[in-house]
file model_5.txt (compact mmCIF, C-alpha atoms)
# COMPACT_ATOMS: atom_id res chain seq x y z
CA MET P 10 65.06 -6.95 -136.28
CA LYS P 11 63.78 -9.74 -134.05
CA LYS P 12 61.57 -7.28 -132.15
CA TYR P 13 59.88 -6.09 -135.37
CA THR P 14 59.31 -9.68 -136.48
CA VAL P 15 57.62 -10.57 -133.17
CA LEU P 16 55.42 -7.45 -133.33
CA LEU P 17 54.34 -8.25 -136.87
CA GLY P 18 53.37 -11.73 -135.72
CA ILE P 19 51.37 -10.51 -132.74
CA LEU P 20 49.54 -7.70 -134.59
CA PRO P 21 47.12 -9.90 -136.61
CA THR P 22 46.18 -11.74 -133.43
CA LEU P 23 45.41 -8.49 -131.62
CA VAL P 24 43.31 -7.27 -134.55
CA LEU P 25 41.33 -10.51 -134.62
CA ASN P 26 40.74 -10.34 -130.84
CA LEU P 27 39.49 -6.76 -131.10
CA GLN P 28 37.09 -7.81 -133.90
CA PHE P 29 35.76 -10.71 -131.84
CA LYS P 30 35.21 -8.40 -128.84
CA ALA P 31 33.37 -5.89 -131.02
CA GLN P 32 31.13 -8.69 -132.36
CA ASP P 33 30.46 -9.86 -128.78
CA THR P 34 29.52 -6.34 -127.75
CA LEU P 35 27.13 -5.95 -130.69
CA SER P 36 25.51 -9.34 -130.03
CA THR P 37 24.87 -8.48 -126.38
CA ALA P 38 23.27 -5.17 -127.28
CA ASP P 39 21.09 -6.88 -129.88
CA LEU P 40 20.10 -9.50 -127.34
CA LEU P 41 19.09 -6.83 -124.82
CA LYS P 42 16.97 -5.13 -127.45
CA ARG P 43 15.19 -8.41 -128.21
CA ILE P 44 14.56 -9.03 -124.51
CA GLU P 45 13.08 -5.56 -124.12
CA ALA P 46 10.85 -6.14 -127.16
CA LEU P 47 9.62 -9.45 -125.72
CA GLU P 48 8.90 -7.86 -122.33
CA ALA P 49 6.94 -5.10 -124.04
CA GLU P 50 4.95 -7.73 -125.95
CA VAL P 51 4.16 -9.60 -122.74
CA LYS P 52 3.04 -6.40 -120.99
CA LYS P 53 0.90 -5.37 -123.94
CA PRO P 54 -2.82 -6.05 -123.23
CA LYS P 55 -4.19 -9.09 -125.04
CA GLU P 56 -6.61 -8.29 -127.80
CA TRP P 57 -8.59 -11.45 -126.99
CA ASP P 58 -9.08 -13.20 -123.66
CA ALA P 59 -11.58 -15.73 -122.29
CA SER P 60 -12.28 -17.51 -119.01
CA ILE P 61 -14.59 -20.41 -118.16
CA TYR P 62 -16.64 -20.56 -114.98
CA GLY P 63 -19.51 -22.54 -113.50
CA TRP P 64 -20.40 -25.12 -110.91
CA VAL P 65 -21.62 -28.63 -110.24
CA ARG P 66 -24.72 -28.31 -108.06
CA THR P 67 -26.66 -31.19 -106.50
CA GLU P 68 -29.72 -30.88 -104.27
CA TYR P 69 -31.92 -33.18 -102.26
CA SER P 70 -35.29 -31.72 -101.26
CA PHE P 71 -38.36 -32.92 -99.36
CA ASP P 72 -41.79 -31.23 -99.32
CA SER P 73 -44.54 -32.00 -96.84
CA ARG P 74 -47.34 -30.95 -99.25
CA GLN P 75 -48.12 -30.90 -102.96
CA SER P 76 -47.16 -27.56 -104.49
CA ALA P 77 -47.26 -25.68 -107.77
CA TYR P 78 -43.77 -26.34 -109.09
CA SER P 79 -41.33 -26.22 -111.98
CA ARG P 80 -38.84 -28.87 -113.24
CA GLU P 81 -39.55 -32.01 -111.22
CA TYR P 82 -40.08 -30.07 -107.96
CA GLN P 83 -36.68 -28.39 -108.29
CA LEU P 84 -38.46 -25.06 -107.90
CA ASN P 85 -41.52 -24.84 -105.64
CA LEU P 86 -43.92 -21.89 -105.92
CA TYR P 87 -46.84 -22.15 -103.47
CA PRO P 88 -48.73 -24.97 -101.70
CA LEU P 89 -51.85 -26.20 -103.48
CA ASP P 90 -55.34 -25.56 -102.11
CA GLU P 91 -57.17 -28.16 -100.07
CA LYS P 92 -58.66 -30.93 -102.26
CA LEU P 93 -60.99 -33.27 -100.37
CA ASP P 94 -61.91 -36.78 -101.47
CA THR P 95 -65.25 -38.48 -100.74
CA ASN P 96 -64.01 -39.38 -97.24
CA GLY P 97 -63.05 -35.80 -96.45
CA LYS P 98 -59.32 -36.45 -96.71
CA ASP P 99 -57.11 -33.77 -98.26
CA ILE P 100 -55.52 -35.32 -101.36
CA ASN P 101 -52.88 -32.57 -101.59
CA ASP P 102 -51.70 -33.26 -98.04
CA ALA P 103 -48.99 -35.61 -99.35
CA GLY P 104 -45.23 -35.24 -99.39
CA VAL P 105 -42.78 -35.41 -102.30
CA SER P 106 -38.99 -35.52 -102.62
CA ASN P 107 -36.32 -35.51 -105.32
CA PHE P 108 -32.57 -35.59 -105.95
CA LEU P 109 -31.42 -33.40 -108.86
CA ALA P 110 -28.30 -31.89 -110.46
CA ILE P 111 -29.96 -30.11 -113.41
CA THR P 112 -29.01 -26.65 -112.10
CA SER P 113 -25.32 -27.33 -112.73
CA ARG P 114 -24.07 -24.67 -115.13
CA VAL P 115 -21.19 -23.53 -117.31
CA GLY P 116 -20.34 -20.15 -118.75
CA ILE P 117 -17.63 -18.26 -120.56
CA LYS P 118 -16.65 -14.60 -120.24
CA PHE P 119 -14.61 -13.03 -123.00
CA ARG P 120 -13.24 -9.72 -124.22
CA GLY P 121 -11.85 -8.50 -127.51
CA PRO P 122 -10.35 -5.43 -129.20
CA ASP P 123 -11.85 -2.03 -128.44
CA VAL P 124 -14.84 -1.00 -130.55
CA TRP P 125 -15.34 2.71 -131.32
CA GLY P 126 -13.25 3.56 -128.27
CA ALA P 127 -15.22 1.24 -125.96
CA LYS P 128 -14.07 -1.84 -124.07
CA ALA P 129 -15.81 -4.86 -125.65
CA THR P 130 -16.83 -7.80 -123.43
CA GLY P 131 -19.24 -10.72 -123.69
CA ASN P 132 -20.81 -13.58 -121.74
CA ILE P 133 -22.51 -16.88 -122.63
CA GLU P 134 -24.00 -19.09 -119.90
CA ALA P 135 -26.16 -22.23 -119.85
CA ASP P 136 -27.51 -24.83 -117.44
CA PHE P 137 -29.46 -28.09 -117.75
CA PHE P 138 -32.83 -26.87 -116.48
CA GLY P 139 -34.56 -27.18 -119.86
CA ASN P 140 -37.36 -24.90 -121.06
CA THR P 141 -40.49 -27.04 -120.65
CA GLU P 142 -41.87 -29.46 -118.07
CA LEU P 143 -41.58 -33.23 -118.16
CA ASN P 144 -44.84 -34.36 -116.56
CA LYS P 145 -48.14 -36.02 -117.35
CA SER P 146 -49.68 -32.83 -118.78
CA ALA P 147 -46.75 -32.54 -121.21
CA ALA P 148 -47.22 -36.17 -122.30
CA GLY P 149 -43.54 -36.86 -121.64
CA THR P 150 -42.32 -34.29 -124.16
CA GLY P 151 -40.65 -31.82 -121.80
CA SER P 152 -37.03 -30.70 -122.00
CA THR P 153 -35.97 -31.12 -118.37
CA GLY P 154 -32.29 -32.02 -118.21
CA LEU P 155 -31.46 -30.45 -121.59
CA LEU P 156 -29.14 -27.49 -122.08
CA ARG P 157 -30.86 -24.11 -121.63
CA LEU P 158 -29.58 -20.65 -122.54
CA ARG P 159 -29.42 -18.28 -119.56
CA HIS P 160 -27.22 -15.40 -120.66
CA ALA P 161 -25.85 -14.36 -124.06
CA THR P 162 -24.71 -10.74 -124.04
CA ALA P 163 -22.18 -8.34 -125.48
CA THR P 164 -21.31 -5.04 -123.80
CA LEU P 165 -19.54 -1.91 -125.03
CA THR P 166 -18.20 0.20 -122.16
CA TRP P 167 -17.01 3.79 -122.44
CA PRO P 168 -15.80 5.84 -119.43
CA LYS P 169 -19.34 6.97 -118.54
CA THR P 170 -21.65 4.98 -120.81
CA ALA P 171 -22.27 1.27 -121.35
CA VAL P 172 -24.50 -0.52 -123.86
CA THR P 173 -25.52 -4.16 -123.36
CA PHE P 174 -27.49 -6.21 -125.87
CA GLY P 175 -28.58 -9.85 -125.92
CA GLN P 176 -30.38 -12.07 -123.40
CA THR P 177 -29.88 -11.50 -119.70
CA TRP P 178 -31.84 -10.88 -116.49
CA TYR P 179 -35.13 -9.01 -116.54
CA PRO P 180 -34.10 -5.52 -115.39
CA THR P 181 -36.24 -5.91 -112.26
CA PHE P 182 -33.92 -8.73 -111.15
CA VAL P 183 -30.97 -6.96 -109.54
CA PRO P 184 -27.82 -9.18 -109.49
CA GLU P 185 -26.35 -7.19 -106.59
CA VAL P 186 -29.55 -7.53 -104.51
CA PHE P 187 -31.32 -10.88 -104.62
CA PRO P 188 -32.12 -13.44 -101.87
CA GLY P 189 -29.27 -15.69 -100.75
CA VAL P 190 -31.59 -18.67 -100.20
CA VAL P 191 -30.52 -22.25 -101.00
CA ASN P 192 -33.73 -23.04 -102.88
CA PHE P 193 -33.26 -22.58 -106.63
CA ASN P 194 -36.42 -20.45 -106.66
CA THR P 195 -34.15 -17.54 -105.61
CA GLY P 196 -37.06 -15.95 -103.77
CA ILE P 197 -39.52 -16.49 -106.64
CA LEU P 198 -43.05 -15.14 -106.06
CA PHE P 199 -41.49 -12.35 -103.97
CA ASN P 200 -38.50 -11.43 -106.14
CA PRO P 201 -38.74 -11.11 -109.96
CA PHE P 202 -36.98 -13.83 -111.95
CA GLY P 203 -36.23 -14.69 -115.59
CA TRP P 204 -34.31 -13.62 -118.69
CA ALA P 205 -35.32 -11.50 -121.66
CA GLY P 206 -33.91 -10.34 -124.99
CA GLN P 207 -33.03 -6.67 -124.52
CA ILE P 208 -30.88 -3.65 -125.09
CA LYS P 209 -29.76 -1.64 -122.07
CA VAL P 210 -28.02 1.73 -121.92
CA THR P 211 -26.38 2.68 -118.60
CA GLN P 212 -25.13 6.19 -117.94
CA LYS P 213 -22.92 7.17 -114.99
CA LEU P 214 -24.22 10.37 -113.45
CA THR P 215 -21.56 10.44 -110.72
CA GLN P 216 -18.97 7.95 -109.48
CA GLU P 217 -21.66 6.24 -107.34
CA ILE P 218 -24.93 6.98 -109.18
CA SER P 219 -26.05 5.57 -112.53
CA PHE P 220 -29.23 5.50 -114.58
CA SER P 221 -30.18 2.69 -116.96
CA LEU P 222 -32.85 2.51 -119.64
CA THR P 223 -33.86 -0.93 -120.96
CA ALA P 224 -36.13 -2.05 -123.79
CA TYR P 225 -36.94 -5.76 -123.67
CA LYS P 226 -39.19 -8.54 -124.93
CA ASP P 227 -40.44 -11.37 -122.69
CA ARG P 228 -38.83 -14.72 -123.29
CA GLU P 229 -38.31 -16.87 -120.20
CA PHE P 230 -40.60 -16.45 -118.54
CA GLN P 231 -43.64 -14.71 -120.15
CA THR P 232 -47.18 -13.55 -119.53
CA ALA P 233 -50.21 -15.85 -119.37
CA ASN P 234 -52.08 -16.96 -122.48
CA ALA P 235 -55.51 -15.59 -123.33
CA LEU P 236 -58.13 -17.63 -125.20
CA GLY P 237 -56.75 -18.47 -128.64
CA ALA P 238 -53.19 -17.44 -127.73
CA SER P 239 -50.02 -19.52 -127.95
CA ALA P 240 -46.85 -19.41 -125.86
CA ASN P 241 -45.51 -15.86 -125.72
CA SER P 242 -47.81 -14.65 -128.53
CA ALA P 243 -48.70 -11.59 -126.42
CA THR P 244 -45.10 -10.41 -126.79
CA PHE P 245 -44.80 -11.36 -130.47
CA ASN P 246 -48.00 -9.48 -131.36
CA SER P 247 -46.86 -6.29 -129.65
CA SER P 248 -44.79 -3.91 -131.75
CA MET P 249 -43.68 -2.00 -128.66
CA PRO P 250 -41.11 -3.50 -126.26
CA THR P 251 -41.43 -3.12 -122.50
CA LEU P 252 -39.69 0.07 -121.34
CA HIS P 253 -37.81 0.10 -118.04
CA GLY P 254 -35.92 2.85 -116.20
CA GLN P 255 -33.79 2.39 -113.09
CA LEU P 256 -31.71 4.69 -110.87
CA GLN P 257 -28.99 3.01 -108.78
CA TYR P 258 -26.56 4.12 -106.08
CA LYS P 259 -23.53 1.89 -105.40
CA GLY P 260 -21.13 2.86 -102.60
CA LYS P 261 -18.58 1.01 -100.50
CA ASN P 262 -21.12 -0.70 -98.23
CA ILE P 263 -24.48 0.32 -99.66
CA THR P 264 -26.32 -0.49 -102.88
CA ALA P 265 -29.76 1.04 -103.38
CA GLY P 266 -32.07 1.77 -106.25
CA ALA P 267 -35.57 2.33 -107.59
CA GLY P 268 -37.24 1.91 -110.94
CA ALA P 269 -40.40 1.70 -112.99
CA GLU P 270 -41.56 0.16 -116.23
CA TYR P 271 -44.40 0.26 -118.71
CA GLN P 272 -45.55 -2.81 -120.63
CA THR P 273 -48.07 -3.14 -123.44
CA LEU P 274 -48.92 -6.63 -124.74
CA GLN P 275 -51.37 -7.88 -127.35
CA PRO P 276 -52.56 -11.36 -126.31
CA VAL P 277 -54.24 -12.29 -129.63
CA ILE P 278 -54.90 -11.01 -133.14
CA GLU P 279 -58.25 -12.86 -133.34
CA SER P 280 -60.93 -13.01 -130.65
CA GLY P 281 -64.28 -14.75 -131.12
CA GLY P 282 -63.81 -14.80 -134.87
CA LEU P 283 -63.07 -11.06 -134.96
CA ALA P 284 -59.79 -9.28 -135.69
CA SER P 285 -58.36 -7.94 -132.44
CA ASP P 286 -55.81 -5.31 -131.55
CA GLU P 287 -56.79 -5.17 -127.86
CA LYS P 288 -53.86 -4.59 -125.49
CA VAL P 289 -53.16 -5.30 -121.84
CA ASN P 290 -51.29 -2.25 -120.55
CA SER P 291 -49.60 -2.19 -117.15
CA GLU P 292 -47.17 -0.26 -114.97
CA MET P 293 -44.81 -1.48 -112.26
CA PHE P 294 -42.69 0.20 -109.55
CA PHE P 295 -39.96 -1.25 -107.35
CA GLY P 296 -37.13 -0.39 -104.96
CA TYR P 297 -34.27 -2.20 -103.23
CA PHE P 298 -31.51 -1.79 -100.63
CA LYS P 299 -28.38 -3.68 -99.58
CA PHE P 300 -25.85 -3.13 -96.81
CA ALA P 301 -22.74 -5.31 -96.67
CA ASN P 302 -19.51 -5.26 -94.68
CA GLU P 303 -17.08 -7.87 -93.37
CA LYS P 304 -19.65 -9.14 -90.84
CA ILE P 305 -23.18 -8.94 -92.26
CA ILE P 306 -25.15 -8.79 -95.52
CA ALA P 307 -28.62 -7.24 -95.29
CA LYS P 308 -30.96 -6.95 -98.29
CA ALA P 309 -34.53 -5.77 -98.90
CA TYR P 310 -36.75 -5.45 -101.99
CA GLY P 311 -40.30 -4.32 -102.72
CA ILE P 312 -42.42 -4.31 -105.90
CA THR P 313 -45.99 -3.41 -106.90
CA GLY P 314 -47.78 -3.32 -110.24
CA GLY P 315 -50.04 -4.96 -112.77
CA ASN P 316 -49.61 -8.18 -114.76
CA LEU P 317 -46.41 -9.42 -113.05
CA HIS P 318 -46.92 -12.95 -114.40
CA HIS P 319 -43.81 -12.79 -116.64
CA LEU P 320 -41.66 -12.18 -113.53
CA VAL P 321 -42.85 -15.55 -112.11
CA MET P 322 -45.12 -13.83 -109.60
CA ILE P 323 -48.82 -14.30 -108.86
CA GLY P 324 -51.35 -12.44 -110.98
CA GLY P 325 -51.74 -11.74 -114.68
CA PHE P 326 -54.69 -10.15 -116.48
CA ALA P 327 -58.47 -10.49 -116.94
CA GLY P 328 -60.58 -10.64 -120.10
CA TYR P 329 -63.81 -8.62 -120.50
CA GLU P 330 -66.64 -9.52 -122.88
CA ASN P 331 -67.82 -6.84 -125.32
CA THR P 332 -70.92 -6.99 -127.54
CA ASN P 333 -69.94 -7.44 -131.22
CA ALA P 334 -66.33 -6.64 -130.31
CA PRO P 335 -63.18 -8.56 -129.31
CA GLU P 336 -62.36 -9.40 -125.72
CA SER P 337 -60.62 -6.53 -123.90
CA TYR P 338 -58.09 -6.84 -121.07
CA LYS P 339 -57.03 -5.32 -117.76
CA PRO P 340 -54.07 -6.30 -115.53
CA THR P 341 -54.52 -7.74 -112.05
CA LYS P 342 -52.60 -6.00 -109.27
CA THR P 343 -49.88 -7.66 -107.21
CA SER P 344 -47.54 -6.45 -104.47
CA ALA P 345 -44.59 -8.23 -102.85
CA PHE P 346 -41.59 -7.62 -100.62
CA TRP P 347 -38.77 -9.60 -99.00
CA VAL P 348 -35.86 -9.24 -96.58
CA ASP P 349 -32.72 -11.38 -96.31
CA LEU P 350 -30.08 -11.30 -93.54
CA ALA P 351 -26.87 -13.33 -93.68
CA SER P 352 -23.45 -13.59 -92.12
CA ALA P 353 -20.46 -12.59 -94.27
CA ASN P 354 -18.22 -15.18 -92.60
CA PRO P 355 -16.12 -16.90 -95.32
CA LYS P 356 -16.36 -20.36 -93.67
CA ILE P 357 -19.69 -20.70 -91.82
CA ALA P 358 -22.46 -18.28 -92.83
CA PRO P 359 -26.02 -18.59 -91.44
CA GLY P 360 -28.87 -16.67 -93.09
CA VAL P 361 -32.62 -16.07 -92.87
CA PHE P 362 -35.24 -14.96 -95.42
CA PHE P 363 -38.82 -13.70 -95.26
CA GLY P 364 -41.08 -12.88 -98.20
CA TYR P 365 -44.74 -11.86 -98.65
CA THR P 366 -46.95 -11.31 -101.71
CA LYS P 367 -50.55 -10.13 -102.00
CA ASN P 368 -53.18 -10.43 -104.74
CA SER P 369 -55.13 -7.15 -105.04
CA GLY P 370 -57.46 -8.26 -107.84
CA VAL P 371 -58.84 -6.40 -110.87
CA ASP P 372 -61.86 -4.33 -111.91
CA ALA P 373 -65.18 -6.15 -111.55
CA GLY P 374 -67.05 -7.60 -114.51
CA TYR P 375 -64.41 -9.80 -116.13
CA LYS P 376 -65.39 -13.00 -117.91
CA ASN P 377 -62.05 -14.81 -118.13
CA LEU P 378 -59.07 -14.76 -115.79
CA TYR P 379 -55.53 -15.40 -117.05
CA VAL P 380 -53.40 -15.48 -113.92
CA ARG P 381 -50.93 -17.48 -111.85
CA GLY P 382 -52.40 -18.45 -108.49
CA ALA P 383 -55.96 -19.45 -109.42
CA SER P 384 -57.54 -22.90 -109.64
CA GLY P 385 -61.12 -23.27 -110.84
CA THR P 386 -63.32 -21.15 -108.58
CA ARG P 387 -60.52 -20.62 -106.04
CA ILE P 388 -57.74 -18.02 -105.96
CA LEU P 389 -54.80 -17.04 -103.78
CA ASP P 390 -55.21 -14.14 -101.40
CA ASN P 391 -51.59 -14.07 -100.20
CA VAL P 392 -48.46 -16.18 -99.86
CA TRP P 393 -45.62 -15.82 -97.35
CA ARG P 394 -42.40 -17.72 -96.85
CA VAL P 395 -39.73 -17.92 -94.16
CA SER P 396 -36.50 -19.90 -94.36
CA ALA P 397 -33.24 -20.44 -92.47
CA ARG P 398 -29.94 -21.77 -93.81
CA VAL P 399 -26.30 -22.35 -92.88
CA ASP P 400 -23.59 -22.24 -95.55
CA PHE P 401 -20.48 -24.33 -94.80
CA LYS P 402 -17.71 -23.25 -97.20
CA LYS P 403 -14.18 -24.42 -97.93
CA ASN P 404 -12.42 -22.84 -100.91
CA LYS P 405 -14.75 -23.45 -103.87
CA PHE P 406 -16.74 -26.22 -102.13
CA SER P 407 -19.88 -25.72 -100.03
CA ILE P 408 -22.58 -27.73 -98.25
CA THR P 409 -25.72 -25.83 -97.28
CA PRO P 410 -28.82 -27.16 -95.49
CA GLU P 411 -32.01 -25.07 -95.46
CA VAL P 412 -35.45 -25.32 -93.87
CA GLU P 413 -38.27 -23.38 -95.52
CA TYR P 414 -41.97 -22.92 -94.73
CA THR P 415 -44.37 -21.50 -97.35
CA ALA P 416 -47.95 -20.61 -96.39
CA ALA P 417 -50.80 -19.75 -98.76
CA LYS P 418 -54.31 -18.42 -98.12
CA TRP P 419 -56.90 -19.63 -100.64
CA GLY P 420 -60.48 -18.41 -101.03
CA ASP P 421 -63.50 -18.40 -103.31
CA LEU P 422 -63.05 -16.24 -106.40
CA ASN P 423 -65.24 -13.11 -106.41
CA THR P 424 -66.13 -10.61 -109.14
CA GLU P 425 -62.89 -8.65 -108.57
CA ALA P 426 -60.60 -11.70 -108.68
CA LEU P 427 -60.15 -11.59 -104.91
CA ALA P 428 -60.36 -14.36 -102.33
CA LYS P 429 -63.22 -13.32 -100.04
CA ASN P 430 -65.13 -16.39 -98.79
CA ASN P 431 -64.32 -19.87 -97.47
CA LEU P 432 -60.73 -18.85 -96.75
CA LYS P 433 -58.32 -21.71 -96.13
CA ASN P 434 -54.68 -21.58 -94.98
CA VAL P 435 -52.34 -24.34 -96.17
CA GLY P 436 -48.61 -24.72 -95.74
CA ASN P 437 -45.64 -26.63 -97.07
CA LEU P 438 -42.45 -27.43 -95.17
CA ARG P 439 -39.43 -27.94 -97.43
CA GLY P 440 -36.09 -29.31 -96.33
CA THR P 441 -33.14 -28.96 -98.73
CA VAL P 442 -29.46 -29.88 -98.72
CA ARG P 443 -27.34 -28.34 -101.47
CA VAL P 444 -23.80 -29.37 -102.41
CA MET P 445 -21.81 -27.14 -104.78
CA TYR P 446 -18.34 -27.22 -106.28
CA SER P 447 -17.53 -24.08 -108.25
CA PHE P 448 -14.84 -23.41 -110.82
call {"tool": "encode", "arguments": {"input": "model_5.txt", "output": "structure tokens"}}
result
Amino acid sequence: MKKYTVLLGILPTLVLNLQFKAQDTLSTADLLKRIEALEAEVKKPKEWDASIYGWVRTEYSFDSRQSAYSREYQLNLYPLDEKLDTNGKDINDAGVSNFLAITSRVGIKFRGPDVWGAKATGNIEADFFGNTELNKSAAGTGSTGLLRLRHATATLTWPKTAVTFGQTWYPTFVPEVFPGVVNFNTGILFNPFGWAGQIKVTQKLTQEISFSLTAYKDREFQTANALGASANSATFNSSMPTLHGQLQYKGKNITAGAGAEYQTLQPVIESGGLASDEKVNSEMFFGYFKFANEKIIAKAYGITGGNLHHLVMIGGFAGYENTNAPESYKPTKTSAFWVDLASANPKIAPGVFFGYTKNSGVDAGYKNLYVRGASGTRILDNVWRVSARVDFKKNKFSITPEVEYTAAKWGDLNTEALAKNNLKNVGNLRGTVRVMYSF
């Protein structure tokens, strides 16, 4: 009887213990399921993501001669022609220097949910270079030092096709192949530069070869102004955007490409009191090459065409007088090339650059000349530049000195917008030290 009594007393306890163990087992399984769900959530690609990048950039520069320039001598173009005073002294043979940080920049890259089966990404970037000059000719109204839009794009990328729209580089500026110089001019006069509103479609033909077609409108920078025109009116008046095609090969060590474009601009809608629909039509061709490995980076670029003013190169277009009719236009011809060689050493990387550009004039008989590289009755024949630099790098910090010499040949303007008589060579020696901290 005692044994049965003891068993009856123990039985409820055993039942309760079994229940508790069952509850513990269920709770553990539930917990494992929750952990697995959380891990899956973490591994799941984010629908939205963004990253900030940029740099603080400070430069000190000294020039031995007065030059055509942009933004308080931050960007030098070419040395000015000889200008003699009554004593025969060259007024432009005078040095200048400055200390600036206006090329510091900030940008954000972002991506979002897929759109129509394409990866969607975007980019916004700005610096403090401003859009207009602050000098005596601008009566102190320039925007130097103010925030300026560089890039604002969105891109949809499918396995073989990508579409980019917004403001970004002119398609003749190749981000994979541009001079590695310290000077903020980035090889300007010899390498195209600037940003434009555009839409670009890129199609992969093979794993290494792609073709891109771009339609764009000049923005920064733009063509010259004809008589009666305002800033960028030649682009506004034209219903047709500039059309650009480019074929590119990109392998492990080599990037190469070639392209062409056609541009039609309408400088004015009124000329000499008459309605005008006269256009300045031009073509351009270019090619480039880059080889890079763990020891060296070698780049080369060449371009030739008409009315390259909007690419911050010499030249533009000429105006021709017509009896009882508006002024008509023809583009001046310009050619340029450059080479850049640099070490790929991650700590100390020397580099050298050479560039050359030539003015090939326009058809005879023009009345007005709307070009970069002319002053009164004088015009540039050619400009060349050579520079040497050494980049000292540590993590995201770098100090880079550079010495640069730019030479220009000026001459009297003839009927074909060429420099043929009283030729004069002038040169400018620029010394620059750049300090950068990137993030």
call {"tool": "residues_around", "arguments": {"input": "model_5.txt", "residues": "His160 of chain P", "least_positions_apart": "5", "cutoff": "9 Å", "atoms": "only C-alpha atoms", "output": "PDB file with C-alpha atoms, in the frame of the given file"}}
result
ATOM      1  CA  GLY P 116     -20.340 -20.150-118.750  1.00  0.00           C
ATOM      2  CA  ASN P 132     -20.810 -13.580-121.740  1.00  0.00           C
ATOM      3  CA  ILE P 133     -22.510 -16.880-122.630  1.00  0.00           C
ATOM      4  CA  GLU P 134     -24.000 -19.090-119.900  1.00  0.00           C
ATOM      5  CA  ALA P 135     -26.160 -22.230-119.850  1.00  0.00           C
ATOM      6  CA  GLY P 175     -28.580  -9.850-125.920  1.00  0.00           C
ATOM      7  CA  GLN P 176     -30.380 -12.070-123.400  1.00  0.00           C
ATOM      8  CA  THR P 177     -29.880 -11.500-119.700  1.00  0.00           C
ATOM      9  CA  TRP P 178     -31.840 -10.880-116.490  1.00  0.00           C
ATOM     10  CA  TRP P 204     -34.310 -13.620-118.690  1.00  0.00           C
TER      11      TRP P 204
END
call {"tool": "closest_atom_pairs", "arguments": {"input": "model_5.txt", "of": "segment 64-178 of chain P", "to": "segment 39-55 of chain P", "cutoff": "12 Å", "atoms": "only C-alpha atoms", "output": "JSON lines"}}
result
{"residue": "P:Phe119", "atom": "CA", "partner": "P:Lys55", "partner_atom": "CA", "distance": 11.3}
{"residue": "P:Arg120", "atom": "CA", "partner": "P:Lys55", "partner_atom": "CA", "distance": 9.1}
{"residue": "P:Gly121", "atom": "CA", "partner": "P:Lys55", "partner_atom": "CA", "distance": 8.1}
{"residue": "P:Pro122", "atom": "CA", "partner": "P:Lys55", "partner_atom": "CA", "distance": 8.3}
{"residue": "P:Asp123", "atom": "CA", "partner": "P:Lys55", "partner_atom": "CA", "distance": 11.0}
call {"tool": "closest_residue", "arguments": {"input": "model_5.txt", "among": "P:Phe295, P:Phe174, P:Tyr310, P:Phe401", "to": "Asn354 of chain P", "atoms": "all atoms listed in the file"}}
result
P:Phe401
call {"tool": "closest_residue", "arguments": {"input": "model_5.txt", "among": "P:Lys259, P:Thr409, P:Lys339, P:Ala127", "to": "Val172 of chain P", "atoms": "only C-alpha atoms"}}
result
P:Ala127
call {"tool": "closest_residue", "arguments": {"input": "model_5.txt", "among": "P:Asn430, P:Ala233, P:Asn194, P:Gly189", "to": "Ala358 of chain P", "atoms": "only C-alpha atoms"}}
result
P:Gly189
call {"tool": "atom_distance", "arguments": {"input": "model_5.txt", "atom1": "atom CA of Ser242 of chain P", "atom2": "atom CA of Thr153 of chain P"}}
result
22.7 Å
call {"tool": "atom_distance", "arguments": {"input": "model_5.txt", "atom1": "atom CA of Phe108 of chain P", "atom2": "atom CA of Gly63 of chain P"}}
result
19.9 Å
call {"tool": "residues_around", "arguments": {"input": "model_5.txt", "residues": "Ala428 of chain P", "least_positions_apart": "4", "cutoff": "12 Å", "atoms": "all atoms listed in the file", "output": "list in words"}}
result
Lys367, Asn368, Ser369, Gly370, Val371, Gly382, Ala383, Ser384, Thr386, Arg387, Ile388, Leu389, Asp390, Asn391, Ala417, Lys418, Trp419, Gly420, Asp421, Leu422, Asn423, Thr424, Leu432, Lys433 and Asn434 of chain P
call {"tool": "atom_distance", "arguments": {"input": "model_5.txt", "atom1": "atom CA of Ala353 of chain P", "atom2": "atom CA of Asn437 of chain P"}}
result
29.0 Å
call {"tool": "residues_near_point", "arguments": {"input": "model_5.txt", "point": "(-35.4, -14.5, -101.9)", "cutoff": "9 Å", "atoms": "all atoms listed in the file", "output": "PyMOL selection string"}}
result
chain P and resi 187-190+192+194-200+347-349+362-364
call {"tool": "residues_around", "arguments": {"input": "model_5.txt", "residues": "Ile111 of chain P", "least_positions_apart": "3", "cutoff": "6 Å", "atoms": "only C-alpha atoms", "output": "number ranges by chain"}}
result
P: 137-138, 154
call {"tool": "axis_aligned_box", "arguments": {"input": "model_5.txt", "around": "segment 173-179 of chain P", "padding_each_side": "8 Å", "output": "AutoDock Vina command-line options"}}
result
--center_x -30.3 --center_y -8.1 --center_z -121.2 --size_x 25.6 --size_y 23.9 --size_z 25.4
call {"tool": "residues_around", "arguments": {"input": "model_5.txt", "residues": "Tyr87 of chain P", "least_positions_apart": "4", "cutoff": "7 Å", "atoms": "all atoms listed in the file", "output": "list in words"}}
result
Ser76, Ala77, Thr415 and Ala417 of chain P
call {"tool": "residues_around", "arguments": {"input": "model_5.txt", "residues": "segment 275-279 of chain P", "least_positions_apart": "6", "cutoff": "9 Å", "atoms": "all atoms listed in the file", "output": "list in words"}}
result
Thr232, Ala233, Asn234, Ala235, Leu236, Gly237, Ala238, Ser239, Asn241, Ser242, Ala243, Thr244, Phe245, Asn246, Ser247, Ser248, Ser285, Asp286, Glu287, Lys288, Val289, Asn290, Pro335 and Tyr338 of chain P
